$ cat model.cif   # mmCIF, C-alpha atoms
data_work
#
loop_
_atom_site.label_atom_id
_atom_site.label_comp_id
_atom_site.auth_asym_id
_atom_site.auth_seq_id
_atom_site.Cartn_x
_atom_site.Cartn_y
_atom_site.Cartn_z
CA MET A 13 -14.22 -32.16 50.28
CA THR A 14 -11.31 -34.45 51.01
CA LYS A 15 -8.23 -33.54 49.07
CA ASN A 16 -5.60 -36.09 48.23
CA ASN A 17 -2.05 -35.23 47.37
CA ASN A 18 -2.42 -35.68 43.64
CA ASN A 19 -3.37 -32.54 41.76
CA LEU A 20 -6.21 -32.95 39.32
CA ASN A 21 -6.39 -31.94 35.71
CA PHE A 22 -9.46 -31.98 33.50
CA TYR A 23 -10.60 -31.76 29.91
CA ILE A 24 -13.84 -30.65 28.35
CA LYS A 25 -15.53 -31.98 25.25
CA ALA A 26 -18.18 -29.85 23.60
CA THR A 27 -20.60 -31.40 21.12
CA PHE A 28 -23.08 -29.44 19.02
CA TYR A 29 -26.24 -30.98 17.69
CA ASN A 30 -29.59 -30.32 16.08
CA LYS A 31 -32.32 -32.88 15.54
CA ASP A 32 -30.39 -36.07 14.73
CA MET A 33 -27.06 -34.61 13.63
CA SER A 34 -24.04 -33.70 15.69
CA PHE A 35 -20.60 -32.14 15.55
CA GLY A 36 -17.95 -32.66 18.19
CA PRO A 37 -14.46 -33.83 19.11
CA GLY A 38 -14.41 -36.68 16.52
CA ALA A 39 -15.05 -34.45 13.51
CA ILE A 40 -12.71 -31.79 14.91
CA ARG A 41 -9.90 -34.33 15.22
CA ILE A 42 -10.41 -35.49 11.62
CA MET A 43 -10.29 -31.88 10.42
CA GLU A 44 -7.08 -31.22 12.36
CA LEU A 45 -5.46 -34.33 10.88
CA VAL A 46 -6.61 -33.56 7.30
CA LYS A 47 -4.95 -30.16 7.72
CA GLU A 48 -1.77 -31.77 9.07
CA LYS A 49 -1.48 -34.76 6.72
CA GLY A 50 -3.17 -33.52 3.54
CA THR A 51 -5.27 -36.63 2.94
CA LEU A 52 -8.47 -37.86 4.53
CA THR A 53 -7.25 -41.48 4.34
CA GLU A 54 -4.19 -40.75 6.47
CA ALA A 55 -6.36 -38.74 8.84
CA TYR A 56 -8.85 -41.47 9.69
CA LYS A 57 -6.23 -44.26 9.62
CA SER A 58 -4.13 -42.45 12.21
CA MET A 59 -7.24 -42.30 14.40
CA GLY A 60 -7.86 -46.04 13.92
CA MET A 61 -11.19 -45.11 12.32
CA SER A 62 -12.90 -46.70 9.32
CA SER A 63 -13.50 -44.80 6.09
CA SER A 64 -17.28 -45.07 6.46
CA LYS A 65 -17.22 -43.77 10.04
CA ALA A 66 -15.02 -40.82 9.01
CA TRP A 67 -17.32 -39.88 6.11
CA LYS A 68 -20.37 -40.20 8.36
CA LEU A 69 -18.85 -37.87 10.97
CA LEU A 70 -17.91 -35.31 8.34
CA LYS A 71 -21.27 -35.51 6.57
CA GLU A 72 -23.08 -35.00 9.89
CA ALA A 73 -20.82 -32.06 10.74
CA GLU A 74 -21.48 -30.47 7.33
CA ASP A 75 -25.22 -31.01 7.71
CA THR A 76 -25.23 -29.61 11.25
CA PHE A 77 -23.71 -26.32 10.13
CA GLY A 78 -24.99 -26.35 6.56
CA ILE A 79 -21.52 -25.82 5.09
CA LYS A 80 -18.88 -27.83 3.20
CA LEU A 81 -15.87 -28.56 5.43
CA ILE A 82 -13.43 -30.57 3.32
CA SER A 83 -12.62 -30.60 -0.38
CA THR A 84 -11.04 -33.70 -1.92
CA THR A 85 -9.35 -34.17 -5.27
CA THR A 86 -9.24 -37.84 -6.30
CA GLY A 87 -6.56 -39.67 -8.30
CA GLY A 88 -3.75 -37.96 -10.20
CA VAL A 89 -0.03 -38.38 -9.53
CA GLY A 90 0.49 -39.35 -5.88
CA GLY A 91 -3.21 -40.11 -5.29
CA GLY A 92 -6.01 -37.93 -3.92
CA LYS A 93 -5.53 -35.00 -1.61
CA SER A 94 -7.90 -33.39 0.89
CA GLU A 95 -7.90 -29.96 2.42
CA LEU A 96 -10.18 -27.90 4.60
CA THR A 97 -12.39 -25.46 2.76
CA GLU A 98 -12.23 -21.82 3.80
CA GLU A 99 -15.38 -22.38 5.85
CA GLY A 100 -13.85 -25.53 7.36
CA GLU A 101 -10.77 -23.54 8.44
CA ASP A 102 -13.08 -20.91 9.89
CA LEU A 103 -15.12 -23.46 11.84
CA LEU A 104 -11.97 -25.16 13.20
CA ARG A 105 -10.60 -21.80 14.36
CA ARG A 106 -13.91 -20.91 16.02
CA TYR A 107 -14.11 -24.27 17.79
CA HIS A 108 -10.54 -23.89 19.13
CA ASN A 109 -11.15 -20.32 20.28
CA PHE A 110 -14.39 -21.40 21.94
CA THR A 111 -12.88 -24.39 23.76
CA ASP A 112 -9.77 -22.41 24.79
CA GLU A 113 -11.90 -19.70 26.36
CA LEU A 114 -14.26 -22.25 27.91
CA HIS A 115 -11.33 -24.13 29.44
CA GLY A 116 -10.06 -20.95 31.06
CA VAL A 117 -13.44 -20.28 32.65
CA ALA A 118 -13.81 -23.94 33.66
CA LYS A 119 -10.49 -23.82 35.50
CA ASP A 120 -11.86 -21.12 37.81
CA LEU A 121 -15.12 -23.04 38.24
CA VAL A 122 -13.29 -26.24 39.18
CA GLU A 123 -11.38 -24.38 41.85
CA LYS A 124 -14.64 -22.83 43.09
CA HIS A 125 -16.74 -26.02 43.17
CA PHE A 126 -14.15 -28.68 43.99
CA ASN A 127 -11.62 -26.69 45.97
CA TYR A 128 -8.87 -28.30 43.95
CA ASP A 129 -5.57 -27.05 42.61
CA ILE A 130 -5.65 -27.54 38.88
CA ILE A 131 -2.60 -28.30 36.82
CA ASP A 132 -3.11 -26.55 33.53
CA ASP A 133 -1.14 -28.48 30.96
CA ASN A 134 -3.48 -27.80 28.05
CA MET B 30 -20.09 -17.91 9.48
CA THR B 31 -22.92 -19.30 7.45
CA LYS B 32 -26.02 -19.88 9.49
CA ASN B 33 -28.59 -22.44 8.50
CA ASN B 34 -32.16 -22.41 9.69
CA ASN B 35 -31.77 -25.10 12.31
CA ASN B 36 -30.93 -23.82 15.75
CA LEU B 37 -28.06 -25.60 17.43
CA ASN B 38 -27.87 -27.04 20.89
CA PHE B 39 -24.78 -28.38 22.62
CA TYR B 40 -23.61 -30.40 25.57
CA ILE B 41 -20.38 -30.45 27.51
CA LYS B 42 -18.63 -33.37 29.12
CA ALA B 43 -16.02 -32.68 31.76
CA THR B 44 -13.55 -35.38 32.76
CA PHE B 45 -11.10 -35.09 35.65
CA TYR B 46 -7.89 -37.06 35.77
CA ASN B 47 -4.54 -37.46 37.46
CA LYS B 48 -1.73 -39.73 36.32
CA ASP B 49 -3.57 -42.76 34.94
CA MET B 50 -6.95 -42.40 36.68
CA SER B 51 -10.01 -40.48 35.63
CA PHE B 52 -13.48 -39.41 36.69
CA GLY B 53 -16.15 -38.25 34.27
CA PRO B 54 -19.63 -38.69 32.81
CA GLY B 55 -19.58 -42.53 33.07
CA ALA B 56 -18.96 -42.63 36.80
CA ILE B 57 -21.38 -39.73 37.35
CA ARG B 58 -24.13 -41.61 35.51
CA ILE B 59 -23.55 -44.73 37.62
CA MET B 60 -23.74 -42.65 40.80
CA GLU B 61 -26.99 -41.01 39.69
CA LEU B 62 -28.51 -44.40 38.90
CA VAL B 63 -27.36 -45.98 42.18
CA LYS B 64 -29.09 -43.12 43.95
CA GLU B 65 -32.25 -43.61 41.89
CA LYS B 66 -32.43 -47.41 41.87
CA GLY B 67 -30.75 -48.38 45.14
CA THR B 68 -28.56 -51.13 43.69
CA LEU B 69 -25.35 -51.04 41.69
CA THR B 70 -26.49 -54.01 39.60
CA GLU B 71 -29.60 -52.21 38.37
CA ALA B 72 -27.49 -49.11 37.77
CA TYR B 73 -24.96 -50.69 35.41
CA LYS B 74 -27.51 -52.95 33.74
CA SER B 75 -29.69 -49.98 32.80
CA MET B 76 -26.60 -48.43 31.20
CA GLY B 77 -25.89 -51.64 29.26
CA MET B 78 -22.57 -51.83 31.10
CA SER B 79 -20.79 -54.89 32.48
CA SER B 80 -20.20 -55.39 36.19
CA SER B 81 -16.42 -55.30 35.76
CA LYS B 82 -16.54 -52.06 33.75
CA ALA B 83 -18.78 -50.42 36.38
CA TRP B 84 -16.49 -51.43 39.24
CA LYS B 85 -13.46 -50.22 37.30
CA LEU B 86 -15.06 -46.80 36.69
CA LEU B 87 -16.01 -46.46 40.34
CA LYS B 88 -12.63 -47.62 41.61
CA GLU B 89 -10.88 -45.12 39.34
CA ALA B 90 -13.20 -42.34 40.50
CA GLU B 91 -12.54 -43.21 44.14
CA ASP B 92 -8.79 -43.31 43.53
CA THR B 93 -8.86 -40.01 41.63
CA PHE B 94 -10.43 -38.16 44.56
CA GLY B 95 -9.10 -40.38 47.35
CA ILE B 96 -12.58 -40.96 48.80
CA LYS B 97 -15.14 -43.77 49.04
CA LEU B 98 -18.17 -43.02 46.80
CA ILE B 99 -20.53 -45.98 47.19
CA SER B 100 -21.32 -48.33 50.08
CA THR B 101 -22.82 -51.73 49.36
CA THR B 102 -24.47 -54.23 51.70
CA THR B 103 -24.49 -57.73 50.24
CA GLY B 104 -27.09 -60.47 50.69
CA GLY B 105 -29.96 -60.34 53.22
CA VAL B 106 -33.68 -60.36 52.43
CA GLY B 107 -34.21 -58.92 48.94
CA GLY B 108 -30.48 -59.06 48.04
CA GLY B 109 -27.75 -56.41 48.31
CA LYS B 110 -28.30 -52.68 48.28
CA SER B 111 -26.01 -49.83 47.32
CA GLU B 112 -26.07 -46.18 48.23
CA LEU B 113 -23.86 -43.17 47.82
CA THR B 114 -21.68 -42.34 50.80
CA GLU B 115 -21.93 -38.84 52.24
CA GLU B 116 -18.80 -37.94 50.31
CA GLY B 117 -20.29 -39.49 47.16
CA GLU B 118 -23.42 -37.34 47.53
CA ASP B 119 -21.20 -34.32 48.05
CA LEU B 120 -19.12 -35.06 44.94
CA LEU B 121 -22.23 -35.61 42.80
CA ARG B 122 -23.70 -32.29 43.97
CA ARG B 123 -20.44 -30.48 43.25
CA TYR B 124 -20.18 -32.02 39.77
CA HIS B 125 -23.77 -30.98 38.94
CA ASN B 126 -23.24 -27.44 40.26
CA PHE B 127 -20.01 -27.19 38.30
CA THR B 128 -21.47 -28.43 35.00
CA ASP B 129 -24.62 -26.29 35.40
CA GLU B 130 -22.57 -23.15 35.88
CA LEU B 131 -20.17 -24.14 33.09
CA HIS B 132 -23.07 -24.73 30.70
CA GLY B 133 -24.43 -21.25 31.39
CA VAL B 134 -21.07 -19.66 30.59
CA ALA B 135 -20.62 -21.89 27.53
CA LYS B 136 -23.96 -20.72 26.14
CA ASP B 137 -22.66 -17.14 26.02
CA LEU B 138 -19.36 -18.29 24.52
CA VAL B 139 -21.13 -20.27 21.78
CA GLU B 140 -23.09 -17.18 20.82
CA LYS B 141 -19.88 -15.13 20.86
CA HIS B 142 -17.70 -17.53 18.82
CA PHE B 143 -20.24 -19.16 16.51
CA ASN B 144 -22.82 -16.40 16.18
CA TYR B 145 -25.53 -19.00 16.73
CA ASP B 146 -28.85 -18.95 18.51
CA ILE B 147 -28.73 -21.64 21.14
CA ILE B 148 -31.76 -23.58 22.25
CA ASP B 149 -31.28 -24.23 25.93
CA ASP B 150 -33.18 -27.40 26.72
CA ASN B 151 -30.88 -28.62 29.47
#
$ encode --input "model.cif" --output "structure tokens"
Amino acid sequence: MTKNNNNLNFYIKATFYNKDMSFGPGAIRIMELVKEKGTLTEAYKSMGMSSSKAWKLLKEAEDTFGIKLISTTTGGVGGGKSELTEEGEDLLRRYHNFTDELHGVAKDLVEKHFNYDIIDDN
Amino acid sequence: MTKNNNNLNFYIKATFYNKDMSFGPGAIRIMELVKEKGTLTEAYKSMGMSSSKAWKLLKEAEDTFGIKLISTTTGGVGGGKSELTEEGEDLLRRYHNFTDELHGVAKDLVEKHFNYDIIDDN
């Protein structure tokens, strides 16, 4: 195919689902931010997301896998804190390992199918 | 990790980009619908998308790859018609081949990283 002078990059989003529940990039981003910031409120606010949307995403993710992902302590000095459960940490690590490996394979497939040089800045 | 009784499925979305332009599932869906329906108007309407959004997606896709994707004849008996250019057909075929092959690899990687049985209904 025609090649222009700009190299292409790409990203991949993987979403898991069963029946009417799903788990994907939105829930993953919340989990990463909870880990970084220590509160769910700061996590969803920094994504420009509402509280109800954030809880819905997390609830769906927990239902999809049948595990608890985040534990929250409310009130106390300095307000409530949230952290990933052990199983939440495990799921986050698995998702990152999966997408990292998938991205590596995809890079070869892009070159094969599109005949494009890929800049890998991920 | 904990396994519940519901089997999981998954989908993957791949988006290509360079500088400030991108090409992904939105433009692909428009192209598929133009091919099916024969007009761009029917294509974006059936996606619940506005005319300006559809043109923007297509323009960005064309700029990303440096090729013309859709040709439109305006007016005449029965109104205007749109079809994929030869290069548009070629790009659509490449994208489908790429995502099909990627999905097959991803299925193995999901089983490896998540220890899950995957229902493959794609």
$ closest_residue --input "model.cif" --among "B:Thr93, B:Thr68, B:Ser100, B:Thr114" --to "chain A" --atoms "all atoms listed in the file"
B:Thr93
$ closest_atom_pairs --input "model.cif" --of "chain A" --to "chain B" --cutoff "6 Å" --atoms "only C-alpha atoms" --output "tab-separated table"
residue	atom	partner	partner_atom	distance
A:Asn16	CA	B:Gly95	CA	5.6
A:Leu20	CA	B:Asn47	CA	5.2
A:Asn21	CA	B:Tyr46	CA	5.3
A:Phe22	CA	B:Phe45	CA	4.1
A:Tyr23	CA	B:Thr44	CA	5.5
A:Ile24	CA	B:Ala43	CA	4.5
A:Lys25	CA	B:Lys42	CA	5.1
A:Ala26	CA	B:Ile41	CA	4.5
A:Thr27	CA	B:Phe39	CA	5.4
A:Phe28	CA	B:Phe39	CA	4.1
A:Tyr29	CA	B:Asn38	CA	5.3
A:Asn30	CA	B:Leu37	CA	5.1
A:Gly78	CA	B:Asn33	CA	5.7
A:Arg106	CA	B:His142	CA	5.8
A:Phe110	CA	B:His142	CA	6.0
A:His125	CA	B:Arg123	CA	5.8
$ atom_distance --input "model.cif" --atom1 "CA of Glu95 (chain A)" --atom2 "CA of Ile82 (chain A)"
5.6 Å
$ residues_around --input "model.cif" --residues "region 69-73 of chain B" --least-positions-apart "6" --cutoff "7 Å" --atoms "only C-alpha atoms" --output "number ranges by chain"
B: 59, 62-63, 79-80, 83, 111
$ atom_distance --input "model.cif" --atom1 "CA of Asp129 (chain B)" --atom2 "CA of Met43 (chain A)"
29.3 Å
$ atom_distance --input "model.cif" --atom1 "CA of Glu89 (chain B)" --atom2 "CA of Leu113 (chain B)"
15.6 Å
